[in-house]
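For reference, run.csv is printed below; it contains CSV, C-alpha atoms.
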chain,number,residue,atom,x,y,z
A,8,VAL,CA,13.3,-31.8,5.4
A,9,ASN,CA,10.7,-30.1,3.3
A,10,THR,CA,8.1,-30.2,6.1
A,11,LEU,CA,10.7,-29.0,8.6
A,12,LEU,CA,11.5,-26.1,6.4
A,13,GLN,CA,7.9,-25.3,6.0
A,14,GLY,CA,7.4,-25.4,9.7
A,15,ILE,CA,10.3,-23.0,10.3
A,16,VAL,CA,8.9,-20.6,7.8
A,17,MET,CA,5.5,-20.8,9.4
A,18,PHE,CA,6.8,-20.1,12.9
A,19,LEU,CA,8.9,-17.2,11.7
A,20,SER,CA,6.0,-15.8,9.9
A,21,SER,CA,3.7,-16.1,12.8
A,22,PHE,CA,6.4,-14.5,15.0
A,23,LEU,CA,6.6,-11.6,12.5
A,24,GLY,CA,2.9,-11.2,12.4
A,25,THR,CA,2.5,-11.0,16.1
A,26,LEU,CA,5.5,-8.8,16.5
A,27,GLY,CA,3.9,-6.1,14.3
A,28,PHE,CA,0.7,-6.5,16.1
A,29,GLY,CA,2.3,-6.0,19.5
A,30,PHE,CA,4.1,-3.0,18.2
A,31,LEU,CA,0.7,-1.6,17.0
A,32,PHE,CA,-0.6,-2.1,20.5
A,33,ASN,CA,2.4,-0.1,21.8
A,34,ILE,CA,4.1,-2.9,23.7
A,35,ARG,CA,7.9,-2.4,23.7
A,36,GLY,CA,11.2,-4.0,24.5
A,37,LYS,CA,11.4,-7.4,26.3
A,38,LYS,CA,7.7,-7.6,26.7
A,39,LEU,CA,7.2,-7.2,22.9
A,40,LEU,CA,9.6,-10.1,22.2
A,41,LEU,CA,7.9,-12.3,24.8
A,42,ALA,CA,4.5,-11.5,23.5
A,43,ALA,CA,5.6,-12.4,19.9
A,44,THR,CA,7.1,-15.6,21.2
A,45,GLY,CA,3.8,-16.4,22.7
A,46,GLY,CA,2.2,-15.8,19.3
A,47,MET,CA,4.6,-18.3,17.7
A,48,LEU,CA,3.9,-20.7,20.5
A,49,SER,CA,0.1,-20.5,20.1
A,50,TRP,CA,0.4,-21.4,16.4
A,51,LEU,CA,2.9,-24.2,17.2
A,52,LEU,CA,0.6,-25.7,19.8
A,53,PHE,CA,-2.4,-25.4,17.5
A,54,LEU,CA,-0.5,-27.5,14.9
A,55,VAL,CA,1.2,-29.9,17.4
A,56,LEU,CA,-2.1,-30.8,19.1
A,57,ARG,CA,-3.6,-31.9,15.9
A,58,PRO,CA,-3.0,-35.6,16.3
A,59,LEU,CA,-4.7,-35.4,19.7
A,60,THR,CA,-8.0,-34.1,18.4
A,61,GLU,CA,-9.2,-33.1,15.0
A,62,SER,CA,-11.7,-30.7,16.5
A,63,GLU,CA,-10.6,-27.1,15.9
A,64,VAL,CA,-12.9,-25.9,18.7
A,65,LEU,CA,-11.3,-28.2,21.3
A,66,ARG,CA,-7.8,-27.3,20.2
A,67,TYR,CA,-8.7,-23.6,20.4
A,68,PHE,CA,-9.8,-24.1,23.9
A,69,LEU,CA,-6.6,-26.0,24.9
A,70,VAL,CA,-4.2,-23.6,23.2
A,71,SER,CA,-5.9,-20.5,24.7
A,72,ALA,CA,-5.8,-22.1,28.2
A,73,LEU,CA,-2.1,-22.9,27.8
A,74,ILE,CA,-1.2,-19.5,26.4
A,75,THR,CA,-3.1,-17.8,29.2
A,76,VAL,CA,-1.0,-19.8,31.7
A,77,TYR,CA,2.1,-18.6,29.9
A,78,SER,CA,0.8,-15.0,30.1
A,79,GLU,CA,-0.2,-15.2,33.7
A,80,VAL,CA,3.2,-16.6,34.7
A,81,LEU,CA,5.1,-13.9,32.7
A,82,ALA,CA,2.7,-11.2,34.1
A,83,ARG,CA,3.5,-12.3,37.7
A,84,HIS,CA,7.2,-12.4,36.9
A,85,LEU,CA,7.3,-9.0,35.2
A,86,LYS,CA,4.6,-7.3,37.3
A,87,THR,CA,2.4,-6.3,34.4
A,88,PRO,CA,-1.2,-7.0,33.5
A,89,SER,CA,-1.5,-10.4,31.9
A,90,ALA,CA,-3.6,-9.0,29.1
A,91,THR,CA,-0.4,-7.4,27.7
A,92,PHE,CA,0.8,-10.9,26.7
A,93,CYS,CA,-2.5,-12.7,26.4
A,94,ILE,CA,-4.1,-10.4,23.8
A,95,VAL,CA,-1.1,-10.3,21.5
A,96,SER,CA,-0.1,-14.0,21.9
A,97,LEU,CA,-3.5,-15.3,20.9
A,98,VAL,CA,-3.8,-13.1,17.8
A,99,PRO,CA,-2.8,-15.9,15.4
A,100,LEU,CA,-5.8,-17.8,16.6
A,101,VAL,CA,-8.4,-15.0,17.0
A,102,PRO,CA,-11.0,-15.7,14.3
A,103,GLY,CA,-11.2,-12.1,13.1
A,104,SER,CA,-11.1,-13.4,9.5
A,105,GLY,CA,-14.0,-15.8,10.4
A,106,LEU,CA,-16.1,-12.8,11.3
A,107,TYR,CA,-15.0,-11.1,8.1
A,108,TYR,CA,-16.0,-14.0,5.9
A,109,THR,CA,-19.3,-14.2,7.8
A,110,MET,CA,-20.1,-10.6,7.0
A,111,ALA,CA,-18.8,-10.9,3.4
A,112,ASN,CA,-21.3,-13.8,2.9
A,113,ALA,CA,-24.0,-11.6,4.4
A,114,LEU,CA,-23.2,-8.7,2.1
A,115,GLY,CA,-22.9,-11.1,-0.9
A,116,GLY,CA,-26.4,-12.5,-0.2
A,117,ASN,CA,-25.1,-16.0,0.6
A,118,ALA,CA,-27.4,-16.9,3.6
A,119,GLU,CA,-26.1,-20.4,4.0
A,120,GLY,CA,-22.5,-19.3,4.1
A,121,PHE,CA,-23.4,-16.6,6.5
A,122,VAL,CA,-25.0,-19.0,9.0
A,123,SER,CA,-22.3,-21.7,8.8
A,124,LYS,CA,-19.4,-19.3,8.9
A,125,GLY,CA,-21.0,-17.3,11.6
A,126,LEU,CA,-21.7,-20.3,13.8
A,127,HIS,CA,-18.2,-21.7,13.4
A,128,THR,CA,-16.7,-18.3,14.2
A,129,LEU,CA,-18.9,-18.0,17.3
A,130,GLU,CA,-17.8,-21.5,18.4
A,131,LEU,CA,-14.1,-20.7,18.0
A,132,THR,CA,-14.5,-17.4,19.8
A,133,ALA,CA,-16.3,-19.0,22.7
A,134,ALA,CA,-13.7,-21.7,23.0
A,135,LEU,CA,-10.9,-19.1,23.0
A,136,SER,CA,-12.6,-16.9,25.5
A,137,LEU,CA,-13.5,-19.8,27.8
A,138,GLY,CA,-9.8,-20.8,27.9
A,139,ILE,CA,-8.8,-17.3,28.9
A,140,VAL,CA,-11.6,-16.7,31.5
A,141,LEU,CA,-11.1,-20.1,33.2
A,142,VAL,CA,-7.4,-19.8,33.6
A,143,THR,CA,-7.5,-16.2,34.7
A,144,ALA,CA,-10.1,-17.1,37.3
A,145,LEU,CA,-8.0,-19.9,38.6
A,146,PHE,CA,-4.9,-17.7,38.9
A,147,ARG,CA,-6.9,-14.9,40.5
A,148,LYS,CA,-8.3,-17.2,43.1
A,149,ARG,CA,-4.8,-18.5,44.0
A,150,SER,CA,-3.3,-15.1,44.3
A,151,LYS,CA,-6.1,-13.8,46.4
A,152,ASN,CA,-5.6,-16.7,48.8
A,153,GLY,CA,-1.9,-15.8,48.8
A,154,THR,CA,-2.5,-12.2,49.9
A,155,ASN,CA,-5.0,-13.2,52.6
A,156,ARG,CA,-2.5,-15.5,54.1
A,157,ILE,CA,0.2,-12.8,54.3
A,158,LYS,CA,-2.3,-10.4,55.9
A,159,LYS,CA,-3.2,-13.0,58.6
A,160,GLU,CA,0.4,-13.5,59.6
B,5,MET,CA,-7.6,22.9,51.2
B,6,LEU,CA,-7.3,19.3,52.1
B,7,ASP,CA,-10.8,17.8,51.9
B,8,ASP,CA,-11.8,14.3,50.8
B,9,SER,CA,-12.8,15.5,47.4
B,10,ARG,CA,-9.2,15.5,46.2
B,11,PHE,CA,-9.2,11.7,46.1
B,12,MET,CA,-11.5,11.6,43.2
B,13,ALA,CA,-9.0,13.0,40.6
B,14,PRO,CA,-6.5,10.1,40.7
B,15,LEU,CA,-9.3,7.5,40.7
B,16,GLN,CA,-10.9,9.1,37.7
B,17,LEU,CA,-7.7,9.6,35.7
B,18,ALA,CA,-6.6,6.1,36.3
B,19,GLY,CA,-9.9,4.7,35.2
B,20,GLN,CA,-10.0,7.0,32.2
B,21,LEU,CA,-6.4,6.1,31.1
B,22,ILE,CA,-7.0,2.3,31.3
B,23,MET,CA,-10.3,2.5,29.3
B,24,GLU,CA,-9.0,4.9,26.7
B,25,ASN,CA,-6.0,2.8,26.0
B,26,GLY,CA,-7.9,-0.4,25.4
B,27,GLY,CA,-8.1,-2.0,28.9
B,28,GLU,CA,-11.1,-4.1,29.8
B,29,THR,CA,-13.9,-2.7,31.9
B,30,TYR,CA,-13.4,-5.1,34.8
B,31,ARG,CA,-9.8,-3.9,35.0
B,32,VAL,CA,-11.0,-0.4,35.3
B,33,GLU,CA,-13.4,-1.2,38.1
B,34,GLU,CA,-10.8,-3.4,39.9
B,35,THR,CA,-8.1,-0.7,39.7
B,36,ILE,CA,-10.4,2.0,41.1
B,37,ALA,CA,-11.4,-0.3,44.0
B,38,ARG,CA,-7.8,-1.1,44.8
B,39,MET,CA,-6.6,2.5,44.6
B,40,GLY,CA,-9.6,3.6,46.7
B,41,ARG,CA,-8.7,1.0,49.3
B,42,ALA,CA,-5.1,2.0,49.3
B,43,LEU,CA,-6.1,5.7,49.8
B,44,GLY,CA,-8.1,4.6,52.9
B,45,LEU,CA,-11.6,5.4,51.4
B,46,ARG,CA,-14.7,3.6,52.5
B,47,ASP,CA,-17.5,2.3,50.3
B,48,VAL,CA,-15.7,2.7,47.0
B,49,GLU,CA,-18.0,1.8,44.2
B,50,SER,CA,-17.3,2.1,40.5
B,51,PHE,CA,-19.2,1.2,37.4
B,52,ALA,CA,-17.5,1.2,34.1
B,53,ILE,CA,-18.9,0.8,30.6
B,54,PRO,CA,-16.8,1.3,27.4
B,55,SER,CA,-18.1,4.8,27.0
B,56,GLY,CA,-17.9,6.1,30.6
B,57,ILE,CA,-17.0,5.6,34.2
B,58,PHE,CA,-19.0,6.3,37.4
B,59,ILE,CA,-17.2,6.5,40.7
B,60,SER,CA,-18.4,7.1,44.2
B,61,TYR,CA,-17.0,6.9,47.7
B,62,ARG,CA,-17.8,8.0,51.2
B,63,LYS,CA,-16.1,11.1,52.6
B,64,SER,CA,-15.1,11.4,56.3
B,65,ASP,CA,-18.1,13.6,57.0
B,66,GLY,CA,-20.4,10.7,55.9
B,67,SER,CA,-21.6,12.2,52.6
B,68,LEU,CA,-21.0,10.6,49.3
B,69,GLU,CA,-18.6,11.9,46.7
B,70,THR,CA,-19.7,10.9,43.1
B,71,ALA,CA,-18.4,11.7,39.7
B,72,VAL,CA,-19.1,10.7,36.1
B,73,LYS,CA,-16.5,10.6,33.4
B,74,ARG,CA,-17.2,10.3,29.7
B,75,VAL,CA,-14.5,8.3,27.9
B,76,ARG,CA,-13.7,7.9,24.3
B,77,ARG,CA,-11.7,4.9,23.3
B,78,GLY,CA,-8.7,5.5,21.1
B,79,ALA,CA,-5.9,3.3,19.8
B,80,THR,CA,-4.8,0.4,22.0
B,81,ASN,CA,-1.7,1.3,24.1
B,82,LEU,CA,-1.0,-1.6,26.4
B,83,THR,CA,2.2,0.1,27.7
B,84,ARG,CA,0.0,2.9,29.2
B,85,VAL,CA,-2.3,0.4,30.8
B,86,ASP,CA,0.8,-1.2,32.2
B,87,GLU,CA,2.1,2.1,33.6
B,88,VAL,CA,-1.2,2.9,35.3
B,89,ASN,CA,-1.2,-0.5,36.8
B,90,ALA,CA,2.3,0.2,38.2
B,91,VAL,CA,1.1,3.4,39.8
B,92,SER,CA,-1.8,1.6,41.5
B,93,ARG,CA,0.6,-1.0,42.8
B,94,LEU,CA,2.9,1.7,44.2
B,95,LEU,CA,-0.1,3.3,45.9
B,96,GLU,CA,-0.9,0.0,47.5
B,97,ASN,CA,2.5,-1.3,48.5
B,98,GLU,CA,4.8,1.7,48.8
B,99,GLY,CA,2.4,4.2,50.4
B,100,LEU,CA,2.5,6.7,47.5
B,101,SER,CA,0.5,9.8,48.5
B,102,CYS,CA,-2.6,10.9,46.6
B,103,GLU,CA,-0.8,13.9,45.1
B,104,GLU,CA,2.2,11.9,44.0
B,105,ALA,CA,-0.1,9.3,42.4
B,106,LEU,CA,-2.0,12.1,40.5
B,107,GLU,CA,1.2,13.6,39.4
B,108,ARG,CA,2.4,10.3,37.9
B,109,LEU,CA,-0.9,9.6,36.2
B,110,GLU,CA,-0.8,13.0,34.6
B,111,ALA,CA,2.7,12.4,33.4
B,112,ILE,CA,1.5,9.2,31.8
B,113,ALA,CA,-1.5,11.0,30.2
B,114,HIS,CA,0.6,13.8,28.8
B,115,ARG,CA,3.5,11.7,27.5
B,116,ARG,CA,3.6,11.8,23.7
B,117,PRO,CA,3.6,8.5,21.8
B,118,LEU,CA,7.0,6.9,21.6
B,119,VAL,CA,7.0,6.5,17.8
B,120,SER,CA,5.7,8.3,14.9
B,121,PRO,CA,2.7,6.9,13.1
B,122,TRP,CA,4.9,6.2,10.1
B,123,ILE,CA,6.9,3.6,12.0
B,124,LEU,CA,3.6,2.0,12.8
B,125,VAL,CA,3.0,1.8,9.1
B,126,LEU,CA,6.2,-0.3,8.8
B,127,ALA,CA,5.1,-2.5,11.7
B,128,VAL,CA,1.7,-3.2,10.1
B,129,ALA,CA,3.4,-3.9,6.7
B,130,ILE,CA,5.7,-6.5,8.2
B,131,SER,CA,2.9,-8.0,10.2
B,132,SER,CA,0.7,-8.3,7.1
B,133,GLY,CA,3.5,-10.0,5.3
B,134,GLY,CA,3.9,-12.5,8.2
B,135,TRP,CA,0.2,-13.3,8.2
B,136,ALA,CA,0.1,-13.8,4.5
B,137,VAL,CA,2.9,-16.4,4.6
B,138,MET,CA,1.3,-18.0,7.7
B,139,PHE,CA,-2.1,-18.4,6.0
B,140,GLY,CA,-0.3,-19.9,3.0
B,141,GLY,CA,0.6,-22.8,5.3
B,142,GLY,CA,4.3,-22.0,5.5
B,143,LYS,CA,5.1,-22.4,1.9
B,144,TRP,CA,7.7,-19.7,1.3
B,145,ASP,CA,6.4,-17.6,-1.5
B,146,PHE,CA,8.4,-14.4,-1.7
B,147,TRP,CA,5.7,-12.6,-3.8
B,148,ASP,CA,3.0,-13.4,-1.2
B,149,PHE,CA,5.2,-11.8,1.4
B,150,ALA,CA,6.3,-8.8,-0.7
B,151,CYS,CA,2.8,-8.0,-2.0
B,152,ALA,CA,1.2,-8.3,1.5
B,153,VAL,CA,3.9,-6.0,2.9
B,154,ILE,CA,3.2,-3.4,0.2
B,155,ALA,CA,-0.6,-3.7,0.5
B,156,GLY,CA,-0.4,-3.6,4.3
B,157,GLY,CA,1.8,-0.5,4.2
B,158,LEU,CA,-0.5,1.3,1.8
B,159,MET,CA,-3.5,0.3,3.9
B,160,GLN,CA,-2.0,1.6,7.2
B,161,GLY,CA,-0.5,4.7,5.5
B,162,PHE,CA,-3.8,5.7,3.9
B,163,THR,CA,-5.7,5.0,7.2
B,164,THR,CA,-3.2,7.1,9.1
B,165,MET,CA,-3.6,9.9,6.6
B,166,LEU,CA,-7.4,9.9,6.9
B,167,ASP,CA,-7.2,9.8,10.7
B,168,ARG,CA,-4.9,12.9,10.5
B,169,LEU,CA,-7.6,14.6,8.5
B,170,ARG,CA,-10.0,13.8,11.3
B,171,MET,CA,-12.1,11.4,9.3
B,172,LYS,CA,-14.3,9.1,11.2
B,173,SER,CA,-12.8,5.6,11.7
B,174,LEU,CA,-15.8,4.3,9.6
B,175,VAL,CA,-14.4,6.0,6.5
B,176,SER,CA,-10.8,4.9,7.1
B,177,THR,CA,-11.8,1.3,7.8
B,178,LEU,CA,-13.8,1.2,4.5
B,179,ALA,CA,-11.0,2.8,2.5
B,180,GLY,CA,-8.3,0.8,4.1
B,181,SER,CA,-9.9,-2.6,3.4
B,182,PHE,CA,-10.7,-1.4,-0.2
B,183,LEU,CA,-7.0,-0.8,-0.8
B,184,ALA,CA,-6.0,-4.0,1.0
B,185,ALA,CA,-8.0,-6.0,-1.5
B,186,LEU,CA,-7.5,-4.0,-4.6
B,187,VAL,CA,-3.7,-3.9,-4.5
B,188,PRO,CA,-3.2,-7.8,-4.4
B,189,MET,CA,-5.9,-8.2,-7.1
B,190,PHE,CA,-4.1,-5.9,-9.6
B,191,PHE,CA,-0.7,-7.3,-8.6
B,192,HIS,CA,-1.9,-10.8,-9.5
B,193,HIS,CA,-3.6,-9.6,-12.6
B,194,PHE,CA,-0.5,-7.9,-14.1
B,195,THR,CA,2.2,-10.2,-12.9
B,196,GLY,CA,0.5,-13.6,-12.3
B,197,LEU,CA,2.4,-14.0,-9.1
B,198,GLY,CA,1.2,-14.7,-5.5
B,199,SER,CA,-2.2,-16.0,-4.4
B,200,VAL,CA,-4.7,-13.3,-4.0
B,201,GLU,CA,-6.8,-14.9,-1.2
B,202,MET,CA,-3.8,-15.5,1.1
B,203,ILE,CA,-2.5,-12.0,0.6
B,204,VAL,CA,-5.8,-10.3,1.2
B,205,ALA,CA,-6.4,-12.4,4.3
B,206,GLY,CA,-3.0,-11.5,5.6
B,207,THR,CA,-3.2,-7.8,4.8
B,208,LEU,CA,-6.6,-7.5,6.5
B,209,MET,CA,-5.4,-9.2,9.6
B,210,PRO,CA,-4.2,-6.1,11.5
B,211,MET,CA,-7.5,-4.4,10.8
B,212,LEU,CA,-9.9,-7.2,11.7
B,213,PRO,CA,-11.8,-6.9,15.0
B,214,GLY,CA,-10.6,-10.2,16.5
B,215,VAL,CA,-9.7,-8.6,19.8
B,216,ALA,CA,-13.0,-6.8,20.2
B,217,MET,CA,-14.8,-10.0,19.5
B,218,THR,CA,-12.8,-12.0,22.0
B,219,ASN,CA,-13.3,-9.2,24.5
B,220,ALA,CA,-17.1,-9.4,23.9
B,221,VAL,CA,-17.4,-13.1,24.6
B,222,GLN,CA,-15.0,-12.8,27.6
B,223,GLY,CA,-17.1,-10.0,29.0
B,224,ALA,CA,-20.3,-12.0,28.6
B,225,MET,CA,-18.7,-15.0,30.4
B,226,ARG,CA,-17.6,-12.7,33.2
B,227,GLY,CA,-21.2,-11.4,33.5
B,228,ASP,CA,-20.4,-8.0,32.1
B,229,MET,CA,-23.2,-7.7,29.6
B,230,VAL,CA,-23.1,-4.0,28.8
B,231,SER,CA,-19.5,-4.0,27.7
B,232,ALA,CA,-20.0,-7.4,26.0
B,233,MET,CA,-22.8,-5.9,23.8
B,234,SER,CA,-20.8,-2.8,23.0
B,235,HIS,CA,-17.7,-4.8,22.0
B,236,ALA,CA,-19.8,-7.2,19.9
B,237,ILE,CA,-21.6,-4.5,18.0
B,238,SER,CA,-18.3,-2.7,17.3
B,239,ALA,CA,-16.8,-6.0,16.1
B,240,ILE,CA,-19.7,-6.7,13.8
B,241,LEU,CA,-19.7,-3.2,12.4
B,242,THR,CA,-16.0,-3.2,11.7
B,243,ALA,CA,-16.2,-6.6,10.0
B,244,SER,CA,-19.1,-5.5,7.9
B,245,LEU,CA,-17.2,-2.4,6.8
B,246,ILE,CA,-14.2,-4.4,5.9
B,247,ALA,CA,-16.3,-6.9,4.0
B,248,GLY,CA,-18.0,-3.9,2.2
B,249,GLY,CA,-14.6,-2.5,1.3
B,250,VAL,CA,-13.4,-5.8,-0.1
B,251,LEU,CA,-16.5,-6.4,-2.1
B,252,THR,CA,-16.4,-2.9,-3.5
B,253,ALA,CA,-12.8,-3.5,-4.6
B,254,SER,CA,-13.6,-6.9,-6.2
B,255,TRP,CA,-16.6,-5.3,-8.0
B,256,LEU,CA,-14.4,-2.5,-9.3
B,257,PHE,CA,-11.7,-5.0,-10.3
B,258,GLY,CA,-14.3,-7.1,-12.2
B,259,LEU,CA,-15.6,-4.0,-13.9
B,260,LEU,CA,-12.1,-2.9,-15.0
B,261,THR,CA,-10.7,-6.3,-16.1
B,262,GLY,CA,-13.9,-8.0,-17.1
B,263,GLY,CA,-13.9,-10.9,-14.7
B,264,GLY,CA,-14.5,-10.9,-10.9
B,265,LEU,CA,-12.4,-12.9,-8.5
B,266,MET,CA,-14.2,-13.1,-5.1
Can I see the file as structure tokens?
Amino acid sequence: VNTLLQGIVMFLSSFLGTLGFGFLFNIRGKKLLLAATGGMLSWLLFLVLRPLTESEVLRYFLVSALITVYSEVLARHLKTPSATFCIVSLVPLVPGSGLYYTMANALGGNAEGFVSKGLHTLELTAALSLGIVLVTALFRKRSKNGTNRIKKE
Amino acid sequence: MLDDSRFMAPLQLAGQLIMENGGETYRVEETIARMGRALGLRDVESFAIPSGIFISYRKSDGSLETAVKRVRRGATNLTRVDEVNAVSRLLENEGLSCEEALERLEAIAHRRPLVSPWILVLAVAISSGGWAVMFGGGKWDFWDFACAVIAGGLMQGFTTMLDRLRMKSLVSTLAGSFLAALVPMFFHHFTGLGSVEMIVAGTLMPMLPGVAMTNAVQGAMRGDMVSAMSHAISAILTASLIAGGVLTASWLFGLLTGGGLM
């Protein structure tokens, strides 16, 4: 029961966090709620996929790919750029704090910490971006084929 | 006078609006190409970098029309990007005329923001509280939440005030992160409640350049090196400034209380 409660608090807090973020990015209404739900989902997936692989990098890639699918589907449905959802929904995972710790180490004169934090942050960012770019490219290819077909008919 | 030069205005404005409100460079180029095609222009070429847009197309007399637009990035406003996207789609599918498109784009450009900056302060405050609890691993600690809300609100409020005074974002980032770190430290020092690291991490979250960093790597993966470099440098600069603000705060805290924390 305790872990369940902990989980609920965690998801509510990630929902709140993304909600504020989306508001700051001037998303409104239904789209804001959907984007915040995506933020909650991305954190949920990140935790749920843990038994599958311990590697954070791999999980980052998987979650960002899945969330990009979520964003692309919603974007098609609501006729809006997928970035509206994608940027905000992935915010819980985006390693902004990693870059911050990296630079804090650099300013504090801790060269070892700078390198290890920096590399880890770079890996996570690369995994995240790869997920986004790959899925977007797949969706784009499909939709292009779709329009060509319509034109030929 | 109906010559082909009139097509430039909507293309330029659409590109400018997308870029200024935080859209990616490839989206700018793509939208301009689509709109150009919808307007029946030949040889539409555009080249966008985060600080400017170059557009050219061929006029019916065979000469090239070219324009350069300097762009300054502001706050991210994804609703505006969305609206510009809608205009471009109308142009493509519903046969909107060039003048109608320009009119709609100008309406988007001149519309005032929906909410006052003070409501944004509230949004950032709540967001900070959420992150602080999330970083704490879902253990519900009311004081973590409350302190992060207050620190986040102060941070965004102070930053907004500095922006109003037309300070450079460099100054407001430094000052904002300084506050975001100092408030939780003193809160913990005087009350013994909350965990400083979680609160600081949560409060800083809305300020951290995570989106710029992801955009940088995404740009590089798409082969868009110029915007990748410019996003990367802006992300590193912002992170360094935030780190500088936090270190200054912890140095001051150590000086005042006789024992550093971070």
(message) Residues near stretch 131-137 of chain A, anyone? I mean within 7 Å using all atoms listed in the file, not counting same-chain ones fewer than 3 positions away, as a VMD selection string.
(response) (chain A and resid 64 67 to 68 71 102 127 to 128 140 to 141) or (chain B and resid 218 221 to 222)
(request) Output as number ranges by chain the set of chain B residues within 7 Å of chain A, with distances taken over only C-alpha atoms. (result) B: 80-83, 86, 124, 127-128, 130-132, 134-135, 137-138, 141-144, 210, 212-214, 218, 221-222, 243-244, 247
(message) Between atom CA of B:His235 and atom CA of B:Met217, what distance in Å does the model show, to one decimal?
(response)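 About the pair atom CA of B:His235 and atom CA of B:Met217: they are 6.5 Å apart.
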(request) For B:Ser92, work out the shell of residues within 7 Å, counting all atoms listed in the file and skipping chain neighbours fewer than 3 positions away, then give it as a PyMOL selection string. (result) chain B and resi 35+39+88-89+95-96
(request) Please measure the separation of atom CA of B:Leu183 and atom CA of B:Ile246, giving the value in Å to one decimal. (result)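 Atom-to-atom, atom CA of B:Leu183 and atom CA of B:Ile246 are spaced 10.5 Å apart.
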(message) If I take atom CA of B:Ser254 and atom CA of B:Cys151, how far is one from the other in Å, to one decimal?
(response)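 Taking atom CA of B:Ser254 and atom CA of B:Cys151, their separation equals 17.0 Å.
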(message) I'd like the contact shell of B:Ala220 - 10 Å cut-off, only C-alpha atoms, skipping same-chain residues fewer than 4 positions apart - returned as a PyMOL selection string.
(response) (chain A and resi 132-133+136) or (chain B and resi 28+214-216+224-226+228-239)
Just add N, CA and C atoms to stretch 74-88 of chain B and send it as a JSON list (two decimals), in the coordinates of the input.
[["chain", "number", "residue", "atom", "x", "y", "z"],
["B", 74, "ARG", "N", -16.95, 10.81, 31.07],
["B", 74, "ARG", "CA", -17.20, 10.30, 29.70],
["B", 74, "ARG", "C", -15.85, 9.91, 29.12],
["B", 75, "VAL", "N", -15.80, 8.75, 28.49],
["B", 75, "VAL", "CA", -14.50, 8.30, 27.90],
["B", 75, "VAL", "C", -14.70, 7.95, 26.47],
["B", 76, "ARG", "N", -13.70, 8.31, 25.71],
["B", 76, "ARG", "CA", -13.70, 7.90, 24.30],
["B", 76, "ARG", "C", -12.51, 7.01, 24.04],
["B", 77, "ARG", "N", -12.80, 5.84, 23.52],
["B", 77, "ARG", "CA", -11.70, 4.90, 23.30],
["B", 77, "ARG", "C", -10.89, 5.29, 22.10],
["B", 78, "GLY", "N", -9.57, 5.17, 22.26],
["B", 78, "GLY", "CA", -8.70, 5.50, 21.10],
["B", 78, "GLY", "C", -7.93, 4.24, 20.72],
["B", 79, "ALA", "N", -6.72, 4.44, 20.23],
["B", 79, "ALA", "CA", -5.90, 3.30, 19.80],
["B", 79, "ALA", "C", -5.47, 2.53, 21.07],
["B", 80, "THR", "N", -5.25, 1.24, 20.89],
["B", 80, "THR", "CA", -4.80, 0.40, 22.00],
["B", 80, "THR", "C", -3.37, 0.74, 22.34],
["B", 81, "ASN", "N", -3.11, 1.02, 23.62],
["B", 81, "ASN", "CA", -1.70, 1.30, 24.10],
["B", 81, "ASN", "C", -1.51, 0.54, 25.36],
["B", 82, "LEU", "N", -1.04, -0.70, 25.22],
["B", 82, "LEU", "CA", -1.00, -1.60, 26.40],
["B", 82, "LEU", "C", 0.15, -1.11, 27.34],
["B", 83, "THR", "N", 1.13, -0.36, 26.84],
["B", 83, "THR", "CA", 2.20, 0.10, 27.70],
["B", 83, "THR", "C", 1.59, 1.13, 28.72],
["B", 84, "ARG", "N", 0.67, 1.96, 28.27],
["B", 84, "ARG", "CA", 0.00, 2.90, 29.20],
["B", 84, "ARG", "C", -0.79, 2.19, 30.26],
["B", 85, "VAL", "N", -1.54, 1.17, 29.84],
["B", 85, "VAL", "CA", -2.30, 0.40, 30.80],
["B", 85, "VAL", "C", -1.37, -0.17, 31.86],
["B", 86, "ASP", "N", -0.25, -0.66, 31.39],
["B", 86, "ASP", "CA", 0.80, -1.20, 32.20],
["B", 86, "ASP", "C", 1.29, -0.19, 33.24],
["B", 87, "GLU", "N", 1.53, 1.03, 32.75],
["B", 87, "GLU", "CA", 2.10, 2.10, 33.60],
["B", 87, "GLU", "C", 1.07, 2.50, 34.70],
["B", 88, "VAL", "N", -0.22, 2.59, 34.31],
["B", 88, "VAL", "CA", -1.20, 2.90, 35.30],
["B", 88, "VAL", "C", -1.31, 1.86, 36.36]]
